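Here's upload31.pdb, which has PDB, N, CA and C atoms, pLDDT in the B column:
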```
ATOM      1  N   MET A   1     -11.022  -4.643 -50.344  1.00 46.00           N
ATOM      2  CA  MET A   1     -11.577  -4.874 -49.025  1.00 46.00           C
ATOM      3  C   MET A   1     -11.222  -6.297 -48.589  1.00 46.00           C
ATOM      4  N   LYS A   2     -10.771  -6.429 -47.371  1.00 59.00           N
ATOM      5  CA  LYS A   2     -10.399  -7.726 -46.823  1.00 59.00           C
ATOM      6  C   LYS A   2     -11.551  -8.286 -45.995  1.00 59.00           C
ATOM      7  N   THR A   3     -11.619  -9.587 -45.952  1.00 66.00           N
ATOM      8  CA  THR A   3     -12.613 -10.283 -45.153  1.00 66.00           C
ATOM      9  C   THR A   3     -11.962 -11.538 -44.586  1.00 66.00           C
ATOM     10  N   LEU A   4     -12.581 -12.121 -43.589  1.00 68.00           N
ATOM     11  CA  LEU A   4     -12.062 -13.364 -43.032  1.00 68.00           C
ATOM     12  C   LEU A   4     -12.763 -14.540 -43.692  1.00 68.00           C
ATOM     13  N   ILE A   5     -11.975 -15.511 -44.116  1.00 75.00           N
ATOM     14  CA  ILE A   5     -12.521 -16.734 -44.683  1.00 75.00           C
ATOM     15  C   ILE A   5     -11.861 -17.921 -43.994  1.00 75.00           C
ATOM     16  N   ILE A   6     -12.435 -19.073 -44.165  1.00 80.00           N
ATOM     17  CA  ILE A   6     -11.898 -20.287 -43.556  1.00 80.00           C
ATOM     18  C   ILE A   6     -10.735 -20.807 -44.385  1.00 80.00           C
ATOM     19  N   ASN A   7      -9.687 -21.206 -43.701  1.00 80.00           N
ATOM     20  CA  ASN A   7      -8.521 -21.801 -44.341  1.00 80.00           C
ATOM     21  C   ASN A   7      -8.833 -23.277 -44.596  1.00 80.00           C
ATOM     22  N   GLU A   8      -9.149 -23.594 -45.838  1.00 87.00           N
ATOM     23  CA  GLU A   8      -9.557 -24.954 -46.192  1.00 87.00           C
ATOM     24  C   GLU A   8      -8.489 -25.986 -45.837  1.00 87.00           C
ATOM     25  N   LYS A   9      -7.229 -25.632 -45.985  1.00 88.00           N
ATOM     26  CA  LYS A   9      -6.148 -26.582 -45.687  1.00 88.00           C
ATOM     27  C   LYS A   9      -6.190 -27.029 -44.230  1.00 88.00           C
ATOM     28  N   GLU A  10      -6.492 -26.093 -43.324  1.00 88.00           N
ATOM     29  CA  GLU A  10      -6.562 -26.448 -41.903  1.00 88.00           C
ATOM     30  C   GLU A  10      -7.736 -27.387 -41.623  1.00 88.00           C
ATOM     31  N   ILE A  11      -8.865 -27.138 -42.273  1.00 90.00           N
ATOM     32  CA  ILE A  11     -10.020 -28.024 -42.111  1.00 90.00           C
ATOM     33  C   ILE A  11      -9.671 -29.417 -42.619  1.00 90.00           C
ATOM     34  N   ARG A  12      -9.078 -29.486 -43.805  1.00 91.00           N
ATOM     35  CA  ARG A  12      -8.717 -30.784 -44.406  1.00 91.00           C
ATOM     36  C   ARG A  12      -7.692 -31.534 -43.534  1.00 91.00           C
ATOM     37  N   LYS A  13      -6.711 -30.816 -42.979  1.00 93.00           N
ATOM     38  CA  LYS A  13      -5.724 -31.459 -42.103  1.00 93.00           C
ATOM     39  C   LYS A  13      -6.408 -32.058 -40.878  1.00 93.00           C
ATOM     40  N   ARG A  14      -7.328 -31.300 -40.304  1.00 92.00           N
ATOM     41  CA  ARG A  14      -8.018 -31.788 -39.102  1.00 92.00           C
ATOM     42  C   ARG A  14      -8.920 -32.975 -39.437  1.00 92.00           C
ATOM     43  N   MET A  15      -9.541 -32.948 -40.607  1.00 94.00           N
ATOM     44  CA  MET A  15     -10.352 -34.089 -41.032  1.00 94.00           C
ATOM     45  C   MET A  15      -9.489 -35.351 -41.106  1.00 94.00           C
ATOM     46  N   ILE A  16      -8.281 -35.225 -41.631  1.00 97.00           N
ATOM     47  CA  ILE A  16      -7.364 -36.367 -41.706  1.00 97.00           C
ATOM     48  C   ILE A  16      -7.022 -36.848 -40.299  1.00 97.00           C
ATOM     49  N   ASP A  17      -6.723 -35.903 -39.397  1.00 96.00           N
ATOM     50  CA  ASP A  17      -6.407 -36.259 -38.009  1.00 96.00           C
ATOM     51  C   ASP A  17      -7.541 -37.058 -37.363  1.00 96.00           C
ATOM     52  N   LEU A  18      -8.776 -36.681 -37.693  1.00 95.00           N
ATOM     53  CA  LEU A  18      -9.952 -37.332 -37.105  1.00 95.00           C
ATOM     54  C   LEU A  18     -10.449 -38.511 -37.941  1.00 95.00           C
ATOM     55  N   GLU A  19      -9.706 -38.834 -38.993  1.00 97.00           N
ATOM     56  CA  GLU A  19     -10.055 -39.932 -39.898  1.00 97.00           C
ATOM     57  C   GLU A  19     -11.428 -39.744 -40.533  1.00 97.00           C
ATOM     58  N   ILE A  20     -11.742 -38.495 -40.854  1.00 97.00           N
ATOM     59  CA  ILE A  20     -12.972 -38.165 -41.570  1.00 97.00           C
ATOM     60  C   ILE A  20     -12.593 -38.040 -43.035  1.00 97.00           C
ATOM     61  N   LYS A  21     -13.212 -38.878 -43.870  1.00 97.00           N
ATOM     62  CA  LYS A  21     -12.779 -38.982 -45.256  1.00 97.00           C
ATOM     63  C   LYS A  21     -13.523 -38.065 -46.224  1.00 97.00           C
ATOM     64  N   THR A  22     -14.740 -37.673 -45.900  1.00 96.00           N
ATOM     65  CA  THR A  22     -15.538 -36.893 -46.846  1.00 96.00           C
ATOM     66  C   THR A  22     -16.230 -35.725 -46.150  1.00 96.00           C
ATOM     67  N   ILE A  23     -16.637 -34.763 -46.959  1.00 95.00           N
ATOM     68  CA  ILE A  23     -17.428 -33.643 -46.440  1.00 95.00           C
ATOM     69  C   ILE A  23     -18.764 -34.161 -45.923  1.00 95.00           C
ATOM     70  N   ASN A  24     -19.323 -35.150 -46.595  1.00 97.00           N
ATOM     71  CA  ASN A  24     -20.579 -35.734 -46.145  1.00 97.00           C
ATOM     72  C   ASN A  24     -20.433 -36.316 -44.732  1.00 97.00           C
ATOM     73  N   GLU A  25     -19.355 -37.033 -44.492  1.00 97.00           N
ATOM     74  CA  GLU A  25     -19.101 -37.597 -43.166  1.00 97.00           C
ATOM     75  C   GLU A  25     -18.908 -36.485 -42.134  1.00 97.00           C
ATOM     76  N   LEU A  26     -18.183 -35.438 -42.511  1.00 95.00           N
ATOM     77  CA  LEU A  26     -17.987 -34.297 -41.617  1.00 95.00           C
ATOM     78  C   LEU A  26     -19.330 -33.666 -41.268  1.00 95.00           C
ATOM     79  N   ALA A  27     -20.184 -33.505 -42.266  1.00 95.00           N
ATOM     80  CA  ALA A  27     -21.500 -32.913 -42.039  1.00 95.00           C
ATOM     81  C   ALA A  27     -22.321 -33.768 -41.074  1.00 95.00           C
ATOM     82  N   LEU A  28     -22.345 -35.064 -41.315  1.00 96.00           N
ATOM     83  CA  LEU A  28     -23.122 -35.956 -40.451  1.00 96.00           C
ATOM     84  C   LEU A  28     -22.619 -35.935 -39.013  1.00 96.00           C
ATOM     85  N   LYS A  29     -21.320 -35.965 -38.832  1.00 94.00           N
ATOM     86  CA  LYS A  29     -20.752 -36.039 -37.485  1.00 94.00           C
ATOM     87  C   LYS A  29     -20.762 -34.703 -36.754  1.00 94.00           C
ATOM     88  N   SER A  30     -20.655 -33.602 -37.494  1.00 90.00           N
ATOM     89  CA  SER A  30     -20.578 -32.284 -36.852  1.00 90.00           C
ATOM     90  C   SER A  30     -21.936 -31.635 -36.649  1.00 90.00           C
ATOM     91  N   GLY A  31     -22.947 -32.086 -37.391  1.00 90.00           N
ATOM     92  CA  GLY A  31     -24.259 -31.460 -37.313  1.00 90.00           C
ATOM     93  C   GLY A  31     -24.375 -30.192 -38.138  1.00 90.00           C
ATOM     94  N   VAL A  32     -23.384 -29.930 -38.990  1.00 89.00           N
ATOM     95  CA  VAL A  32     -23.403 -28.771 -39.893  1.00 89.00           C
ATOM     96  C   VAL A  32     -23.709 -29.307 -41.281  1.00 89.00           C
ATOM     97  N   SER A  33     -24.668 -28.697 -41.970  1.00 92.00           N
ATOM     98  CA  SER A  33     -25.086 -29.236 -43.264  1.00 92.00           C
ATOM     99  C   SER A  33     -23.955 -29.228 -44.290  1.00 92.00           C
ATOM    100  N   LYS A  34     -24.021 -30.184 -45.200  1.00 95.00           N
ATOM    101  CA  LYS A  34     -23.010 -30.297 -46.246  1.00 95.00           C
ATOM    102  C   LYS A  34     -22.945 -29.027 -47.099  1.00 95.00           C
ATOM    103  N   PRO A  35     -24.094 -28.458 -47.531  1.00 93.00           N
ATOM    104  CA  PRO A  35     -24.008 -27.214 -48.308  1.00 93.00           C
ATOM    105  C   PRO A  35     -23.341 -26.068 -47.538  1.00 93.00           C
ATOM    106  N   THR A  36     -23.598 -25.984 -46.234  1.00 89.00           N
ATOM    107  CA  THR A  36     -22.972 -24.932 -45.427  1.00 89.00           C
ATOM    108  C   THR A  36     -21.466 -25.128 -45.371  1.00 89.00           C
ATOM    109  N   ILE A  37     -21.018 -26.362 -45.181  1.00 91.00           N
ATOM    110  CA  ILE A  37     -19.577 -26.629 -45.150  1.00 91.00           C
ATOM    111  C   ILE A  37     -18.945 -26.268 -46.485  1.00 91.00           C
ATOM    112  N   TYR A  38     -19.570 -26.681 -47.593  1.00 92.00           N
ATOM    113  CA  TYR A  38     -19.037 -26.326 -48.913  1.00 92.00           C
ATOM    114  C   TYR A  38     -18.979 -24.808 -49.090  1.00 92.00           C
ATOM    115  N   ASP A  39     -20.031 -24.116 -48.644  1.00 88.00           N
ATOM    116  CA  ASP A  39     -20.030 -22.652 -48.755  1.00 88.00           C
ATOM    117  C   ASP A  39     -18.898 -22.039 -47.940  1.00 88.00           C
ATOM    118  N   TYR A  40     -18.672 -22.540 -46.728  1.00 84.00           N
ATOM    119  CA  TYR A  40     -17.556 -22.044 -45.919  1.00 84.00           C
ATOM    120  C   TYR A  40     -16.237 -22.248 -46.645  1.00 84.00           C
ATOM    121  N   LEU A  41     -16.030 -23.442 -47.176  1.00 86.00           N
ATOM    122  CA  LEU A  41     -14.768 -23.755 -47.841  1.00 86.00           C
ATOM    123  C   LEU A  41     -14.567 -22.937 -49.109  1.00 86.00           C
ATOM    124  N   ASN A  42     -15.663 -22.476 -49.701  1.00 86.00           N
ATOM    125  CA  ASN A  42     -15.582 -21.659 -50.908  1.00 86.00           C
ATOM    126  C   ASN A  42     -15.697 -20.166 -50.617  1.00 86.00           C
ATOM    127  N   GLY A  43     -15.724 -19.787 -49.337  1.00 78.00           N
ATOM    128  CA  GLY A  43     -15.755 -18.377 -48.967  1.00 78.00           C
ATOM    129  C   GLY A  43     -17.061 -17.679 -49.263  1.00 78.00           C
ATOM    130  N   LYS A  44     -18.149 -18.426 -49.342  1.00 79.00           N
ATOM    131  CA  LYS A  44     -19.428 -17.839 -49.743  1.00 79.00           C
ATOM    132  C   LYS A  44     -20.356 -17.477 -48.591  1.00 79.00           C
ATOM    133  N   THR A  45     -20.188 -18.111 -47.442  1.00 66.00           N
ATOM    134  CA  THR A  45     -21.141 -17.945 -46.350  1.00 66.00           C
ATOM    135  C   THR A  45     -20.506 -17.197 -45.188  1.00 66.00           C
ATOM    136  N   PRO A  46     -21.170 -16.154 -44.687  1.00 64.00           N
ATOM    137  CA  PRO A  46     -20.652 -15.477 -43.495  1.00 64.00           C
ATOM    138  C   PRO A  46     -20.572 -16.466 -42.332  1.00 64.00           C
ATOM    139  N   LEU A  47     -19.629 -16.242 -41.453  1.00 66.00           N
ATOM    140  CA  LEU A  47     -19.464 -17.128 -40.311  1.00 66.00           C
ATOM    141  C   LEU A  47     -20.652 -16.994 -39.368  1.00 66.00           C
ATOM    142  N   SER A  48     -21.036 -18.107 -38.756  1.00 70.00           N
ATOM    143  CA  SER A  48     -22.248 -18.127 -37.945  1.00 70.00           C
ATOM    144  C   SER A  48     -22.123 -19.157 -36.830  1.00 70.00           C
ATOM    145  N   VAL A  49     -23.246 -19.452 -36.204  1.00 70.00           N
ATOM    146  CA  VAL A  49     -23.296 -20.469 -35.166  1.00 70.00           C
ATOM    147  C   VAL A  49     -22.826 -21.811 -35.724  1.00 70.00           C
ATOM    148  N   ALA A  50     -23.179 -22.112 -36.969  1.00 79.00           N
ATOM    149  CA  ALA A  50     -22.742 -23.369 -37.587  1.00 79.00           C
ATOM    150  C   ALA A  50     -21.218 -23.429 -37.660  1.00 79.00           C
ATOM    151  N   PHE A  51     -20.581 -22.295 -37.916  1.00 80.00           N
ATOM    152  CA  PHE A  51     -19.117 -22.252 -37.956  1.00 80.00           C
ATOM    153  C   PHE A  51     -18.541 -22.608 -36.589  1.00 80.00           C
ATOM    154  N   ILE A  52     -19.116 -22.061 -35.546  1.00 79.00           N
ATOM    155  CA  ILE A  52     -18.659 -22.356 -34.183  1.00 79.00           C
ATOM    156  C   ILE A  52     -18.887 -23.831 -33.868  1.00 79.00           C
ATOM    157  N   ARG A  53     -20.028 -24.374 -34.283  1.00 83.00           N
ATOM    158  CA  ARG A  53     -20.314 -25.794 -34.073  1.00 83.00           C
ATOM    159  C   ARG A  53     -19.260 -26.653 -34.773  1.00 83.00           C
ATOM    160  N   LEU A  54     -18.901 -26.285 -35.995  1.00 86.00           N
ATOM    161  CA  LEU A  54     -17.888 -27.019 -36.746  1.00 86.00           C
ATOM    162  C   LEU A  54     -16.538 -26.952 -36.033  1.00 86.00           C
ATOM    163  N   CYS A  55     -16.169 -25.779 -35.570  1.00 86.00           N
ATOM    164  CA  CYS A  55     -14.907 -25.625 -34.824  1.00 86.00           C
ATOM    165  C   CYS A  55     -14.917 -26.467 -33.557  1.00 86.00           C
ATOM    166  N   ASP A  56     -16.031 -26.442 -32.840  1.00 87.00           N
ATOM    167  CA  ASP A  56     -16.135 -27.244 -31.618  1.00 87.00           C
ATOM    168  C   ASP A  56     -15.967 -28.724 -31.928  1.00 87.00           C
ATOM    169  N   PHE A  57     -16.642 -29.195 -32.975  1.00 89.00           N
ATOM    170  CA  PHE A  57     -16.548 -30.607 -33.329  1.00 89.00           C
ATOM    171  C   PHE A  57     -15.123 -30.990 -33.700  1.00 89.00           C
ATOM    172  N   LEU A  58     -14.451 -30.141 -34.484  1.00 89.00           N
ATOM    173  CA  LEU A  58     -13.087 -30.424 -34.926  1.00 89.00           C
ATOM    174  C   LEU A  58     -12.051 -30.102 -33.853  1.00 89.00           C
ATOM    175  N   ASP A  59     -12.504 -29.543 -32.727  1.00 90.00           N
ATOM    176  CA  ASP A  59     -11.621 -29.135 -31.633  1.00 90.00           C
ATOM    177  C   ASP A  59     -10.553 -28.162 -32.136  1.00 90.00           C
ATOM    178  N   LEU A  60     -11.029 -27.152 -32.870  1.00 87.00           N
ATOM    179  CA  LEU A  60     -10.151 -26.116 -33.418  1.00 87.00           C
ATOM    180  C   LEU A  60     -10.561 -24.755 -32.891  1.00 87.00           C
ATOM    181  N   ASN A  61      -9.585 -23.912 -32.635  1.00 87.00           N
ATOM    182  CA  ASN A  61      -9.844 -22.524 -32.287  1.00 87.00           C
ATOM    183  C   ASN A  61     -10.195 -21.791 -33.580  1.00 87.00           C
ATOM    184  N   PRO A  62     -11.320 -21.071 -33.631  1.00 82.00           N
ATOM    185  CA  PRO A  62     -11.679 -20.357 -34.857  1.00 82.00           C
ATOM    186  C   PRO A  62     -10.555 -19.470 -35.388  1.00 82.00           C
ATOM    187  N   ASN A  63      -9.783 -18.866 -34.497  1.00 79.00           N
ATOM    188  CA  ASN A  63      -8.682 -18.004 -34.946  1.00 79.00           C
ATOM    189  C   ASN A  63      -7.602 -18.772 -35.691  1.00 79.00           C
ATOM    190  N   ASP A  64      -7.506 -20.070 -35.443  1.00 81.00           N
ATOM    191  CA  ASP A  64      -6.483 -20.879 -36.100  1.00 81.00           C
ATOM    192  C   ASP A  64      -6.832 -21.239 -37.535  1.00 81.00           C
ATOM    193  N   ILE A  65      -8.101 -21.122 -37.907  1.00 79.00           N
ATOM    194  CA  ILE A  65      -8.484 -21.524 -39.260  1.00 79.00           C
ATOM    195  C   ILE A  65      -9.029 -20.382 -40.109  1.00 79.00           C
ATOM    196  N   LEU A  66      -8.988 -19.175 -39.571  1.00 77.00           N
ATOM    197  CA  LEU A  66      -9.419 -18.019 -40.353  1.00 77.00           C
ATOM    198  C   LEU A  66      -8.202 -17.341 -40.961  1.00 77.00           C
ATOM    199  N   ILE A  67      -8.331 -16.957 -42.214  1.00 76.00           N
ATOM    200  CA  ILE A  67      -7.267 -16.226 -42.890  1.00 76.00           C
ATOM    201  C   ILE A  67      -7.856 -14.982 -43.522  1.00 76.00           C
ATOM    202  N   GLU A  68      -7.042 -13.971 -43.697  1.00 74.00           N
ATOM    203  CA  GLU A  68      -7.479 -12.735 -44.333  1.00 74.00           C
ATOM    204  C   GLU A  68      -7.309 -12.879 -45.841  1.00 74.00           C
ATOM    205  N   ALA A  69      -8.326 -12.464 -46.574  1.00 73.00           N
ATOM    206  CA  ALA A  69      -8.276 -12.569 -48.033  1.00 73.00           C
ATOM    207  C   ALA A  69      -9.062 -11.424 -48.635  1.00 73.00           C
ATOM    208  N   ASP A  70      -8.810 -11.169 -49.909  1.00 71.00           N
ATOM    209  CA  ASP A  70      -9.654 -10.224 -50.617  1.00 71.00           C
ATOM    210  C   ASP A  70     -11.065 -10.772 -50.577  1.00 71.00           C
ATOM    211  N   LYS A  71     -12.031  -9.885 -50.454  1.00 61.00           N
ATOM    212  CA  LYS A  71     -13.409 -10.330 -50.352  1.00 61.00           C
ATOM    213  C   LYS A  71     -13.771 -11.151 -51.583  1.00 61.00           C
ATOM    214  N   PRO A  72     -14.214 -12.418 -51.371  1.00 55.00           N
ATOM    215  CA  PRO A  72     -14.554 -13.251 -52.523  1.00 55.00           C
ATOM    216  C   PRO A  72     -15.819 -12.767 -53.207  1.00 55.00           C
ATOM    217  N   THR A  73     -15.886 -13.025 -54.480  1.00 48.00           N
ATOM    218  CA  THR A  73     -17.090 -12.713 -55.245  1.00 48.00           C
ATOM    219  C   THR A  73     -17.837 -14.007 -55.494  1.00 48.00           C
ATOM    220  N   GLU A  74     -18.998 -13.908 -56.139  1.00 51.00           N
ATOM    221  CA  GLU A  74     -19.827 -15.079 -56.398  1.00 51.00           C
ATOM    222  C   GLU A  74     -19.062 -16.187 -57.108  1.00 51.00           C
ATOM    223  N   ASP A  75     -18.186 -15.833 -58.053  1.00 49.00           N
ATOM    224  CA  ASP A  75     -17.507 -16.848 -58.844  1.00 49.00           C
ATOM    225  C   ASP A  75     -16.076 -17.118 -58.375  1.00 49.00           C
ATOM    226  N   THR A  76     -15.684 -16.568 -57.252  1.00 46.00           N
ATOM    227  CA  THR A  76     -14.334 -16.778 -56.732  1.00 46.00           C
ATOM    228  C   THR A  76     -14.366 -17.831 -55.645  1.00 46.00           C
ATOM    229  N   HIS A  77     -13.465 -18.790 -55.735  1.00 49.00           N
ATOM    230  CA  HIS A  77     -13.365 -19.844 -54.734  1.00 49.00           C
ATOM    231  C   HIS A  77     -12.024 -19.753 -54.048  1.00 49.00           C
ATOM    232  N   VAL A  78     -11.982 -20.261 -52.826  1.00 43.00           N
ATOM    233  CA  VAL A  78     -10.748 -20.266 -52.037  1.00 43.00           C
ATOM    234  C   VAL A  78      -9.780 -21.241 -52.660  1.00 43.00           C
TER     235      VAL A  78
END
```

Just give me the structure as structure tokens.
Amino acid sequence: MKTLIINEKEIRKRMIDLEIKTINELALKSGVSKPTIYDYLNGKTPLSVAFIRLCDFLDLNPNDILIEADKPTEDTHV
């Protein structure tokens, strides 16, 4: 079964563009909690309003950072 997950490389590239050095800094500036961001990057959390908020802050189209992958399990990371 396929699911949509966040492409971590695209998030990291955009963080560099915005001179954001850490996930903590991204969380503080975007208003999305650090655990939620980590969960997104690890494919653990379904996409939500927080995902849209993160995309808005990073000025990214959600379609540009979503990739199709096998559905992750509890111990599988992106």

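Between Asp70 in chain A and the candidates A:Ile5, A:Ile11, A:Ile20, A:Ala27, the tightest atom-to-atom separation, counting all atoms listed in the file, involves A:Ile5.
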
DSSP on the backbone: what in range 34-66 of chain A comes out alpha helix (DSSP H), as a list in words? Lys34, Pro35, Thr36, Ile37, Tyr38, Asp39, Tyr40, Leu41, Val49, Ala50, Phe51, Ile52, Arg53, Leu54, Cys55, Asp56, Phe57, Leu58, Pro62, Asn63, Asp64 and Ile65 of chain A

Convert the current residue selection to file output with N, CA and C atoms, as a short mmCIF file (atom, residue, chain, number, x, y, z; two decimals), keeping the file's coordinate frame.
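File part.cif, as written:
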```cif
data_model
loop_
_atom_site.label_atom_id
_atom_site.label_comp_id
_atom_site.auth_asym_id
_atom_site.auth_seq_id
_atom_site.Cartn_x
_atom_site.Cartn_y
_atom_site.Cartn_z
N LYS A 34 -24.02 -30.18 -45.20
CA LYS A 34 -23.01 -30.30 -46.25
C LYS A 34 -22.94 -29.03 -47.10
N PRO A 35 -24.09 -28.46 -47.53
CA PRO A 35 -24.01 -27.21 -48.31
C PRO A 35 -23.34 -26.07 -47.54
N THR A 36 -23.60 -25.98 -46.23
CA THR A 36 -22.97 -24.93 -45.43
C THR A 36 -21.47 -25.13 -45.37
N ILE A 37 -21.02 -26.36 -45.18
CA ILE A 37 -19.58 -26.63 -45.15
C ILE A 37 -18.94 -26.27 -46.48
N TYR A 38 -19.57 -26.68 -47.59
CA TYR A 38 -19.04 -26.33 -48.91
C TYR A 38 -18.98 -24.81 -49.09
N ASP A 39 -20.03 -24.12 -48.64
CA ASP A 39 -20.03 -22.65 -48.76
C ASP A 39 -18.90 -22.04 -47.94
N TYR A 40 -18.67 -22.54 -46.73
CA TYR A 40 -17.56 -22.04 -45.92
C TYR A 40 -16.24 -22.25 -46.64
N LEU A 41 -16.03 -23.44 -47.18
CA LEU A 41 -14.77 -23.76 -47.84
C LEU A 41 -14.57 -22.94 -49.11
N VAL A 49 -23.25 -19.45 -36.20
CA VAL A 49 -23.30 -20.47 -35.17
C VAL A 49 -22.83 -21.81 -35.72
N ALA A 50 -23.18 -22.11 -36.97
CA ALA A 50 -22.74 -23.37 -37.59
C ALA A 50 -21.22 -23.43 -37.66
N PHE A 51 -20.58 -22.30 -37.92
CA PHE A 51 -19.12 -22.25 -37.96
C PHE A 51 -18.54 -22.61 -36.59
N ILE A 52 -19.12 -22.06 -35.55
CA ILE A 52 -18.66 -22.36 -34.18
C ILE A 52 -18.89 -23.83 -33.87
N ARG A 53 -20.03 -24.37 -34.28
CA ARG A 53 -20.31 -25.79 -34.07
C ARG A 53 -19.26 -26.65 -34.77
N LEU A 54 -18.90 -26.28 -35.99
CA LEU A 54 -17.89 -27.02 -36.75
C LEU A 54 -16.54 -26.95 -36.03
N CYS A 55 -16.17 -25.78 -35.57
CA CYS A 55 -14.91 -25.62 -34.82
C CYS A 55 -14.92 -26.47 -33.56
N ASP A 56 -16.03 -26.44 -32.84
CA ASP A 56 -16.14 -27.24 -31.62
C ASP A 56 -15.97 -28.72 -31.93
N PHE A 57 -16.64 -29.20 -32.98
CA PHE A 57 -16.55 -30.61 -33.33
C PHE A 57 -15.12 -30.99 -33.70
N LEU A 58 -14.45 -30.14 -34.48
CA LEU A 58 -13.09 -30.42 -34.93
C LEU A 58 -12.05 -30.10 -33.85
N PRO A 62 -11.32 -21.07 -33.63
CA PRO A 62 -11.68 -20.36 -34.86
C PRO A 62 -10.56 -19.47 -35.39
N ASN A 63 -9.78 -18.87 -34.50
CA ASN A 63 -8.68 -18.00 -34.95
C ASN A 63 -7.60 -18.77 -35.69
N ASP A 64 -7.51 -20.07 -35.44
CA ASP A 64 -6.48 -20.88 -36.10
C ASP A 64 -6.83 -21.24 -37.53
N ILE A 65 -8.10 -21.12 -37.91
CA ILE A 65 -8.48 -21.52 -39.26
C ILE A 65 -9.03 -20.38 -40.11
#
```

Requested in this report: Going by DSSP on the backbone, which bits of chain A are strand (DSSP E or B)? Write them as a PyMOL selection string, please.
Outcome: chain A and resi 2-6+66-70

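The gap separating atom C of Ala69 in chain A from atom N of Leu28 in chain A is 28.1 Å, in Å to one decimal.
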
Practice prompt. Could you tell me which residues the PyMOL selection byres (((chain A and resi 12 and name CA) around 12) and name CA) returns for this structure, as an MDAnalysis selection string?
Written response: chainID A and resid 6:11 13:23 26 37 41 58 65

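Separating atom C of Glu25 in chain A from atom N of Glu68 in chain A is a distance of 25.5 Å.
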
To box range 8-27 of chain A, take all atoms listed in the file, fit an axis-aligned box, add 4 Å on each side, and give centre and edge lengths in Å to one decimal, as JSON.
```
{"center_x": -14.0, "center_y": -31.8, "center_z": -42.0, "size_x": 24.6, "size_y": 24.3, "size_z": 17.9}
```
